[in-house]
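Asks: Structure file structure34.txt (compact mmCIF, C-alpha atoms) is given on the next line.
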```txt
# COMPACT_ATOMS: atom_id res chain seq x y z
CA MET A 1087 12.63 -17.65 18.09
CA LYS A 1088 14.72 -15.48 15.78
CA ARG A 1089 11.92 -13.06 15.22
CA HIS A 1090 11.32 -12.75 18.94
CA LEU A 1091 14.92 -11.67 19.29
CA ALA A 1092 14.59 -9.17 16.43
CA LEU A 1093 11.45 -7.68 17.94
CA PHE A 1094 13.15 -7.50 21.35
CA ILE A 1095 16.11 -5.57 19.95
CA LEU A 1096 13.83 -3.27 17.97
CA THR A 1097 11.67 -2.42 20.99
CA LEU A 1098 14.69 -1.89 23.20
CA VAL A 1099 16.28 0.53 20.70
CA PHE A 1100 12.96 2.33 20.49
CA TRP A 1101 12.80 2.64 24.27
CA LEU A 1102 16.36 3.93 24.47
CA LEU A 1103 15.56 6.54 21.83
CA ILE A 1104 12.50 7.70 23.73
CA THR A 1105 14.22 7.96 27.10
CA LEU A 1106 17.68 8.84 25.73
CA SER A 1107 19.46 7.90 28.93
CA LEU A 1108 21.67 4.93 29.71
CA SER A 1109 21.12 4.85 33.48
CA LEU A 1110 20.70 1.41 35.01
CA ALA A 1111 17.12 2.07 36.12
CA SER A 1112 15.96 3.10 32.66
CA LEU A 1113 17.82 0.18 31.07
CA ILE A 1114 16.15 -2.36 33.38
CA THR A 1115 12.73 -0.82 32.78
CA GLY A 1116 13.36 -0.95 29.05
CA ILE A 1117 14.43 -4.59 29.10
CA VAL A 1118 11.35 -5.58 31.13
CA ALA A 1119 9.01 -3.59 28.87
CA ALA A 1120 10.62 -4.96 25.70
CA GLY A 1121 10.43 -8.48 27.12
CA VAL A 1122 6.70 -8.19 27.89
CA THR A 1123 6.05 -6.74 24.42
CA THR A 1124 7.99 -9.55 22.80
CA LEU A 1125 6.10 -12.21 24.76
CA LEU A 1126 2.72 -10.72 23.84
CA PHE A 1127 3.29 -9.73 20.21
CA GLY A 1128 6.29 -11.78 19.05
CA LYS A 1129 4.11 -14.21 17.12
CA TYR A 1130 2.72 -11.40 14.94
CA PHE A 1131 6.12 -10.11 13.88
CA VAL A 1132 7.53 -10.58 10.35
CA ARG A 1133 8.42 -14.15 9.45
CA LYS A 1134 11.72 -13.80 7.61
CA VAL A 1135 13.95 -11.88 9.99
CA GLY A 1136 16.95 -12.15 7.63
CA LYS A 1137 15.45 -9.30 5.64
CA PHE A 1138 16.54 -6.90 8.39
CA LEU A 1139 20.18 -7.59 7.60
CA GLU A 1140 20.14 -6.68 3.90
CA PRO A 1141 21.68 -3.20 3.55
CA LYS A 1142 20.15 -2.70 0.08
CA ARG A 1143 16.72 -2.41 1.65
CA TYR A 1144 17.83 0.46 3.88
CA GLY A 1145 19.18 2.35 0.87
CA TRP A 1146 15.84 2.05 -0.89
CA LEU A 1147 14.09 3.04 2.33
CA LEU A 1148 16.13 6.25 2.43
CA ILE A 1149 15.22 7.08 -1.17
CA TYR A 1150 11.63 6.17 -0.49
CA ILE A 1151 11.41 8.51 2.51
CA PHE A 1152 12.31 11.47 0.30
CA VAL A 1153 9.92 10.44 -2.47
CA PHE A 1154 7.22 9.96 0.14
CA LEU A 1155 7.83 13.29 1.86
CA TRP A 1156 7.64 15.12 -1.46
CA GLU A 1157 4.34 13.41 -2.33
CA CYS A 1158 3.08 14.11 1.16
CA ILE A 1159 3.80 17.84 0.92
CA LYS A 1160 2.13 17.96 -2.49
CA ALA A 1161 -0.86 16.14 -1.03
CA ASN A 1162 -1.19 18.69 1.71
CA PHE A 1163 -1.19 21.66 -0.63
CA ASP A 1164 -3.75 19.81 -2.74
CA VAL A 1165 -6.09 19.20 0.18
CA ALA A 1166 -5.56 22.72 1.53
CA TYR A 1167 -6.48 24.10 -1.89
CA ARG A 1168 -9.66 22.03 -2.08
CA VAL A 1169 -10.65 23.02 1.44
CA LEU A 1170 -10.06 26.75 1.03
CA HIS A 1171 -11.49 27.11 -2.51
CA PRO A 1172 -14.96 28.69 -2.26
CA ALA A 1173 -16.55 26.23 -4.72
CA MET A 1174 -14.80 23.21 -3.15
CA PRO A 1175 -13.70 21.24 -6.26
CA ILE A 1176 -14.23 17.72 -4.95
CA LYS A 1177 -15.54 14.63 -6.73
CA PRO A 1178 -15.20 11.85 -4.17
CA GLY A 1179 -15.73 8.16 -4.68
CA ILE A 1180 -14.41 4.73 -3.76
CA VAL A 1181 -12.40 3.01 -6.50
CA ARG A 1182 -10.78 -0.41 -6.71
CA VAL A 1183 -7.04 -0.67 -7.24
CA GLN A 1184 -5.27 -3.85 -8.29
CA LEU A 1185 -2.35 -4.73 -6.01
CA GLY A 1186 0.93 -6.03 -7.40
CA ILE A 1187 2.57 -6.96 -4.09
CA GLN A 1188 1.95 -9.99 -1.91
CA THR A 1189 3.40 -9.78 1.61
CA ASP A 1190 1.23 -8.49 4.44
CA LEU A 1191 3.88 -6.05 5.68
CA ALA A 1192 4.41 -4.56 2.23
CA ARG A 1193 0.67 -4.21 1.74
CA THR A 1194 0.31 -2.49 5.10
CA MET A 1195 3.03 -0.03 4.22
CA LEU A 1196 1.50 0.63 0.80
CA ALA A 1197 -1.91 1.26 2.37
CA ASN A 1198 -0.35 3.61 4.92
CA SER A 1199 1.51 5.51 2.22
CA ILE A 1200 -1.64 5.80 0.13
CA THR A 1201 -3.53 7.16 3.10
CA MET A 1202 -0.93 9.89 3.56
CA THR A 1203 -0.86 11.06 -0.08
CA PRO A 1204 -3.00 13.10 -2.50
CA GLY A 1205 -6.64 12.78 -1.59
CA THR A 1206 -6.72 9.04 -0.99
CA ILE A 1207 -7.56 6.84 1.99
CA ALA A 1208 -7.20 3.06 1.94
CA VAL A 1209 -10.55 1.59 2.96
CA ASP A 1210 -10.11 -2.18 2.74
CA ILE A 1211 -8.21 -4.98 1.08
CA ILE A 1212 -10.21 -7.98 -0.17
CA GLY A 1213 -8.16 -10.58 -1.98
CA ASP A 1214 -5.84 -8.79 -4.40
CA VAL A 1215 -7.90 -5.63 -4.64
CA MET A 1216 -7.55 -2.54 -2.51
CA TYR A 1217 -10.50 -0.17 -2.11
CA VAL A 1218 -9.47 3.44 -1.93
CA HIS A 1219 -11.55 6.50 -1.12
CA TRP A 1220 -10.48 9.27 -3.46
CA ILE A 1221 -11.37 12.92 -2.97
CA TYR A 1222 -11.18 13.68 -6.72
CA VAL A 1223 -11.86 10.76 -9.06
CA SER A 1224 -10.05 12.11 -12.11
CA SER A 1225 -10.42 9.08 -14.38
CA GLU A 1226 -12.85 6.24 -15.04
CA ASP A 1227 -10.25 3.87 -16.46
CA PRO A 1228 -8.97 1.32 -13.86
CA GLN A 1229 -5.54 1.15 -15.53
CA VAL A 1230 -5.01 4.88 -15.34
CA TYR A 1231 -6.15 5.42 -11.78
CA SER A 1232 -4.40 2.32 -10.45
CA ARG A 1233 -1.17 3.80 -11.68
CA LYS A 1234 -2.07 7.20 -10.28
CA VAL A 1235 -2.91 5.93 -6.81
CA SER A 1236 -0.37 3.21 -6.12
CA GLY A 1237 2.12 3.15 -9.00
CA ARG A 1238 4.41 5.77 -7.52
CA PHE A 1239 5.06 3.76 -4.38
CA GLU A 1240 4.66 0.17 -5.44
CA LYS A 1241 8.11 -0.20 -6.99
CA TYR A 1242 9.88 1.19 -3.93
CA ILE A 1243 7.79 -0.75 -1.42
CA GLU A 1244 8.43 -3.93 -3.38
CA LYS A 1245 12.18 -3.42 -3.07
CA ILE A 1246 12.07 -2.48 0.61
CA PHE A 1247 9.64 -4.87 2.23
CA GLU A 1248 9.15 -7.81 -0.07
CA MET B 1246 14.23 31.51 13.67
CA ALA B 1247 13.99 28.40 11.45
CA SER B 1248 12.16 26.58 14.23
CA THR B 1249 9.65 29.41 14.57
CA ILE B 1250 8.93 29.29 10.84
CA LEU B 1251 8.49 25.50 10.91
CA ILE B 1252 6.14 25.68 13.89
CA ALA B 1253 4.17 28.49 12.24
CA ILE B 1254 3.78 26.41 9.04
CA GLY B 1255 2.66 23.48 11.16
CA VAL B 1256 0.03 25.51 12.97
CA LEU B 1257 -1.19 26.92 9.64
CA PHE B 1258 -1.64 23.42 8.16
CA ASN B 1259 -3.42 22.26 11.29
CA LEU B 1260 -5.76 25.24 10.86
CA PHE B 1261 -6.44 24.21 7.22
CA GLY B 1262 -7.20 20.71 8.43
CA CYS B 1263 -9.71 22.02 10.95
CA ILE B 1264 -11.36 24.25 8.34
CA GLY B 1265 -11.64 21.18 6.12
CA LEU B 1266 -13.18 19.24 8.97
CA ILE B 1267 -16.01 21.79 9.07
CA ARG B 1268 -16.43 22.55 5.36
CA LEU B 1269 -16.21 19.17 3.65
CA PRO B 1270 -19.51 17.33 3.16
CA ASP B 1271 -19.29 13.77 4.53
CA VAL B 1272 -17.33 11.70 7.02
CA TYR B 1273 -14.97 10.25 4.38
CA ASN B 1274 -13.86 13.60 3.01
CA ARG B 1275 -13.56 15.01 6.48
CA LEU B 1276 -11.20 12.20 7.40
CA GLN B 1277 -9.11 13.03 4.33
CA SER B 1278 -8.45 16.50 5.63
CA ALA B 1279 -8.14 15.34 9.22
CA THR B 1280 -5.43 12.76 8.48
CA LYS B 1281 -3.26 14.35 5.82
CA THR B 1282 -3.16 18.00 6.64
CA VAL B 1283 -3.13 17.60 10.40
CA THR B 1284 -0.42 14.92 10.29
CA LEU B 1285 1.95 16.99 8.14
CA GLY B 1286 1.22 20.05 10.27
CA THR B 1287 2.11 18.15 13.42
CA TRP B 1288 5.25 16.75 11.77
CA SER B 1289 6.29 20.28 10.94
CA ILE B 1290 5.77 21.36 14.55
CA LEU B 1291 7.82 18.37 15.78
CA VAL B 1292 10.68 19.13 13.36
CA GLY B 1293 10.54 22.71 14.60
CA VAL B 1294 10.96 21.45 18.15
CA LEU B 1295 13.93 19.35 17.03
CA VAL B 1296 15.57 22.35 15.34
CA ARG B 1297 15.05 24.52 18.39
CA TYR B 1298 16.42 22.12 20.99
CA GLY B 1299 18.88 20.03 18.95
CA PHE B 1300 19.66 16.38 19.64
CA ILE B 1301 18.98 16.35 23.37
CA ASP B 1302 16.16 14.32 24.88
CA ILE B 1303 13.37 16.71 23.85
CA GLY B 1304 14.49 16.85 20.24
CA VAL B 1305 14.99 13.10 19.88
CA LYS B 1306 11.57 12.45 21.41
CA ALA B 1307 10.04 14.78 18.83
CA LEU B 1308 11.87 12.86 16.09
CA VAL B 1309 10.65 9.49 17.39
CA ALA B 1310 7.09 10.83 17.54
CA ILE B 1311 7.08 11.32 13.75
CA PRO B 1312 6.97 7.62 12.73
CA ILE B 1313 4.59 6.88 15.61
CA LEU B 1314 2.25 9.57 14.32
CA PHE B 1315 2.57 8.18 10.77
CA PHE B 1316 1.35 4.75 11.80
CA VAL B 1317 -1.28 5.92 14.28
CA ALA B 1318 -2.86 8.47 11.94
CA THR B 1319 -3.00 6.19 8.91
CA VAL B 1320 -4.22 3.10 10.71
CA SER B 1321 -6.89 4.99 12.64
CA ALA B 1322 -8.07 6.74 9.46
CA HIS B 1323 -8.38 3.36 7.75
CA ALA B 1324 -10.26 1.89 10.71
CA LEU B 1325 -12.65 4.86 10.88
CA VAL B 1326 -13.36 4.85 7.13
CA ARG B 1327 -13.93 1.11 7.00
CA GLY B 1328 -15.98 1.16 10.19
CA SER B 1329 -18.28 3.94 9.06
CA HIS B 1330 -18.77 2.29 5.66
CA ILE B 1331 -19.71 -1.03 7.22
CA PHE B 1332 -21.95 0.79 9.70
CA GLY B 1333 -23.83 2.08 6.65
CA ILE B 1334 -23.04 5.79 6.53
CA PRO B 1335 -23.63 6.85 2.89
CA LEU B 1336 -21.16 8.82 0.79
CA GLY B 1337 -21.99 12.50 0.30
CA LYS B 1338 -24.13 13.86 -2.54
CA LYS B 1339 -21.16 14.86 -4.69
CA SER B 1340 -19.77 11.32 -4.79
CA VAL B 1341 -19.42 9.75 -8.22
CA ARG B 1342 -18.88 6.06 -7.55
CA ASP B 1343 -18.71 3.45 -4.82
CA ASP B 1344 -17.03 0.20 -5.80
CA TYR B 1345 -16.81 -0.98 -2.23
CA GLU B 1346 -20.54 -1.22 -1.51
CA GLN B 1347 -21.24 -4.48 -3.35
CA GLU B 1348 -17.94 -6.14 -2.54
CA LYS B 1349 -18.40 -5.38 1.14
CA ASN B 1350 -21.72 -7.20 1.28
CA ASN B 1351 -20.26 -10.21 -0.53
CA SER B 1352 -17.31 -10.52 1.80
CA MET B 1353 -19.50 -10.03 4.87
CA LYS B 1354 -21.77 -12.87 3.75
CA SER B 1355 -18.91 -15.23 3.12
CA ASN B 1356 -17.50 -14.50 6.57
CA GLU B 1357 -20.71 -15.46 8.32
CA PRO B 1358 -20.78 -19.01 9.67
```
Would you mind writing the structure in this file as C-alpha cells?
Replies:
Amino acid sequence: MKRHLALFILTLVFWLLITLSLSLASLITGIVAAGVTTLLFGKYFVRKVGKFLEPKRYGWLLIYIFVFLWECIKANFDVAYRVLHPAMPIKPGIVRVQLGIQTDLARTMLANSITMTPGTIAVDIIGDVMYVHWIYVSSEDPQVYSRKVSGRFEKYIEKIFE
Amino acid sequence: MASTILIAIGVLFNLFGCIGLIRLPDVYNRLQSATKTVTLGTWSILVGVLVRYGFIDIGVKALVAIPILFFVATVSAHALVRGSHIFGIPLGKKSVRDDYEQEKNNSMKSNEP
C-alpha cells in the first residue's frame, strides 16, 4: 500500500510539472490520471519505499548527474569522431561484464547509463552477467574492460539505488 | 544568444547522428550513433528552449522532457539491439567478438517449456 502512495505522489508531481498550472480542472485530471496509473502499475513499483526518504541518496544522485553528463558529452564527441573519420576506426563486438549490484532498479539504471556512454549499448542481463555491445573493443581482458564499461558508474549507482 | 548556441550545437549533434546512421556498417553500430548522439543533441535543443523562455510552462516542459527522453531512448535501444540479435541479424564484418551468441541460445532453451 505504501508504494502505491509513493507512486501516486510521484505521478502527480510529474503531471503538475508538465502542466505547470494549479487550476482545479488540471488538478482533478491529474489526480484521476495518477490514480489510474497507480492502479495499473503500482505492483511493479520499488518494494522498499523508505529509500525515497533518505536525503543521502539525493546528494549522491546530484553528484552522479554531473559525472554522468560529463561522460555523456565525452561519449558524444567519441562517437562523432568515429562517424566523421574517413577510415571509421571501429572494432565492434559484444562482451560480457560482471555485475556487482543486485537490485533490479539499480541494474536498470546501470544499463541505461551504460547505453548513454562511450560506445556501449546494454544488450541483455542473464544471471549476474551483462552483455554489452561495444563499438571499440579496446581490451581482451575481462577485468580491464569490466572496469572500463561499468566501473565508473557502479559505485555511485550502488549508493543511490541500492 | 546562449539559447541559439545551444540549439545550434544540438542540431549539429543530431546531424552527426544521422551521418552515423548512414555510414556505420550494421544495425548495432547504427543504434549506437542513433541513441547517444541524437539524445544529447536533443537535450541540448531542450536546454536551449529552457534558456530562451525561462521557467514558464514551455521551459519547464522542456526540462521534464529530458529525463523522459533518457529513459525512452535507452530502453528502446536496448529492446532493438536485443530483438535484432535474437531475430538472428549477424554483427558486421569488422566485429571482433560475440559473447552473447552462445549464452543467448542456452537461455532460450532453458526458457522453453
Asks: Can you list every residue of chain A that has an atom at most 9 Å from chain B, with its nearest atom pair and the distance in Å to one decimal, using only C-alpha atoms, ordered by chain then number, as CSV?
Replies:
```
residue,atom,partner,partner_atom,distance
A:Phe1100,CA,B:Val1309,CA,8.1
A:Leu1103,CA,B:Val1305,CA,6.9
A:Ile1104,CA,B:Lys1306,CA,5.4
A:Thr1105,CA,B:Asp1302,CA,7.0
A:Leu1106,CA,B:Asp1302,CA,5.8
A:Ser1107,CA,B:Asp1302,CA,8.3
A:Cys1158,CA,B:Leu1285,CA,7.6
A:Ile1159,CA,B:Leu1285,CA,7.5
A:Ala1161,CA,B:Lys1281,CA,7.5
A:Asn1162,CA,B:Thr1282,CA,5.4
A:Phe1163,CA,B:Thr1282,CA,8.4
A:Val1165,CA,B:Ser1278,CA,6.5
A:Ala1166,CA,B:Phe1261,CA,5.9
A:Arg1168,CA,B:Gly1265,CA,8.5
A:Val1169,CA,B:Gly1265,CA,5.1
A:Leu1170,CA,B:Phe1261,CA,7.6
A:Met1174,CA,B:Leu1269,CA,8.0
A:Ile1176,CA,B:Lys1339,CA,7.5
A:Lys1177,CA,B:Ser1340,CA,5.7
A:Pro1178,CA,B:Ser1340,CA,4.6
A:Gly1179,CA,B:Arg1342,CA,4.8
A:Ile1180,CA,B:Asp1343,CA,4.6
A:Val1181,CA,B:Asp1344,CA,5.5
A:Arg1182,CA,B:Asp1344,CA,6.3
A:Ala1197,CA,B:Thr1319,CA,8.3
A:Asn1198,CA,B:Thr1319,CA,5.4
A:Ser1199,CA,B:Thr1319,CA,8.1
A:Ile1200,CA,B:Thr1319,CA,8.9
A:Thr1201,CA,B:Thr1319,CA,5.9
A:Met1202,CA,B:Lys1281,CA,5.5
A:Thr1203,CA,B:Lys1281,CA,7.2
A:Pro1204,CA,B:Lys1281,CA,8.4
A:Gly1205,CA,B:Gln1277,CA,6.4
A:Thr1206,CA,B:Gln1277,CA,7.1
A:Ile1207,CA,B:His1323,CA,6.8
A:Ala1208,CA,B:His1323,CA,5.9
A:Val1209,CA,B:Arg1327,CA,5.3
A:Asp1210,CA,B:Arg1327,CA,6.6
A:Ile1212,CA,B:Ser1352,CA,7.8
A:Tyr1217,CA,B:Tyr1345,CA,6.4
A:Val1218,CA,B:Tyr1345,CA,8.6
A:His1219,CA,B:Tyr1273,CA,7.5
A:Trp1220,CA,B:Asn1274,CA,8.5
A:Ile1221,CA,B:Asn1274,CA,6.5
A:Val1223,CA,B:Val1341,CA,7.7
```
Asks: Tell me, in Å to one decimal, how far atom CA of A:Leu1185 is from atom CA of A:Tyr1242.
Replies: 13.7 Å
Asks: Neighbours of B:Arg1297 within 9 Å (all atoms listed in the file; same-chain residues fewer than 6 positions away dropped), as a JSON list (two decimals) with C-alpha atoms, in the coordinates of the input?
Replies:
```
[["chain", "number", "residue", "atom", "x", "y", "z"],
["B", 1246, "MET", "CA", 14.23, 31.51, 13.67],
["B", 1247, "ALA", "CA", 13.99, 28.40, 11.45],
["B", 1248, "SER", "CA", 12.16, 26.58, 14.23],
["B", 1249, "THR", "CA", 9.65, 29.41, 14.57],
["B", 1304, "GLY", "CA", 14.49, 16.85, 20.24]]
```
Asks: One number please: atom CA of A:Leu1102 to atom CA of A:Arg1143, in Å, one decimal.
Replies: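 Spanning atom CA of A:Leu1102 to atom CA of A:Arg1143 is a straight-line distance of 23.7 Å.
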Asks: Applying 12 Å and all atoms listed in the file, which residues near A:Ile1151 remain after dropping the ones on its own chain fewer than 2 positions away? List them as an NGL selection string.
Replies: (:A and (1144-1149 or 1153-1158 or 1199 or 1239 or 1242-1243 or 1246)) or (:B and (1312))
Asks: Rounded to one decimal place, report the atom CA of A:Val1122-atom CA of A:Leu1110 distance in Å.
Replies: 18.4 Å
Asks: So, with only C-alpha atoms as the atoms that count, which of A:Gly1128, A:Gly1116, A:Gly1237, A:Pro1141 lies closest to A:Leu1098?
Replies: A:Gly1116
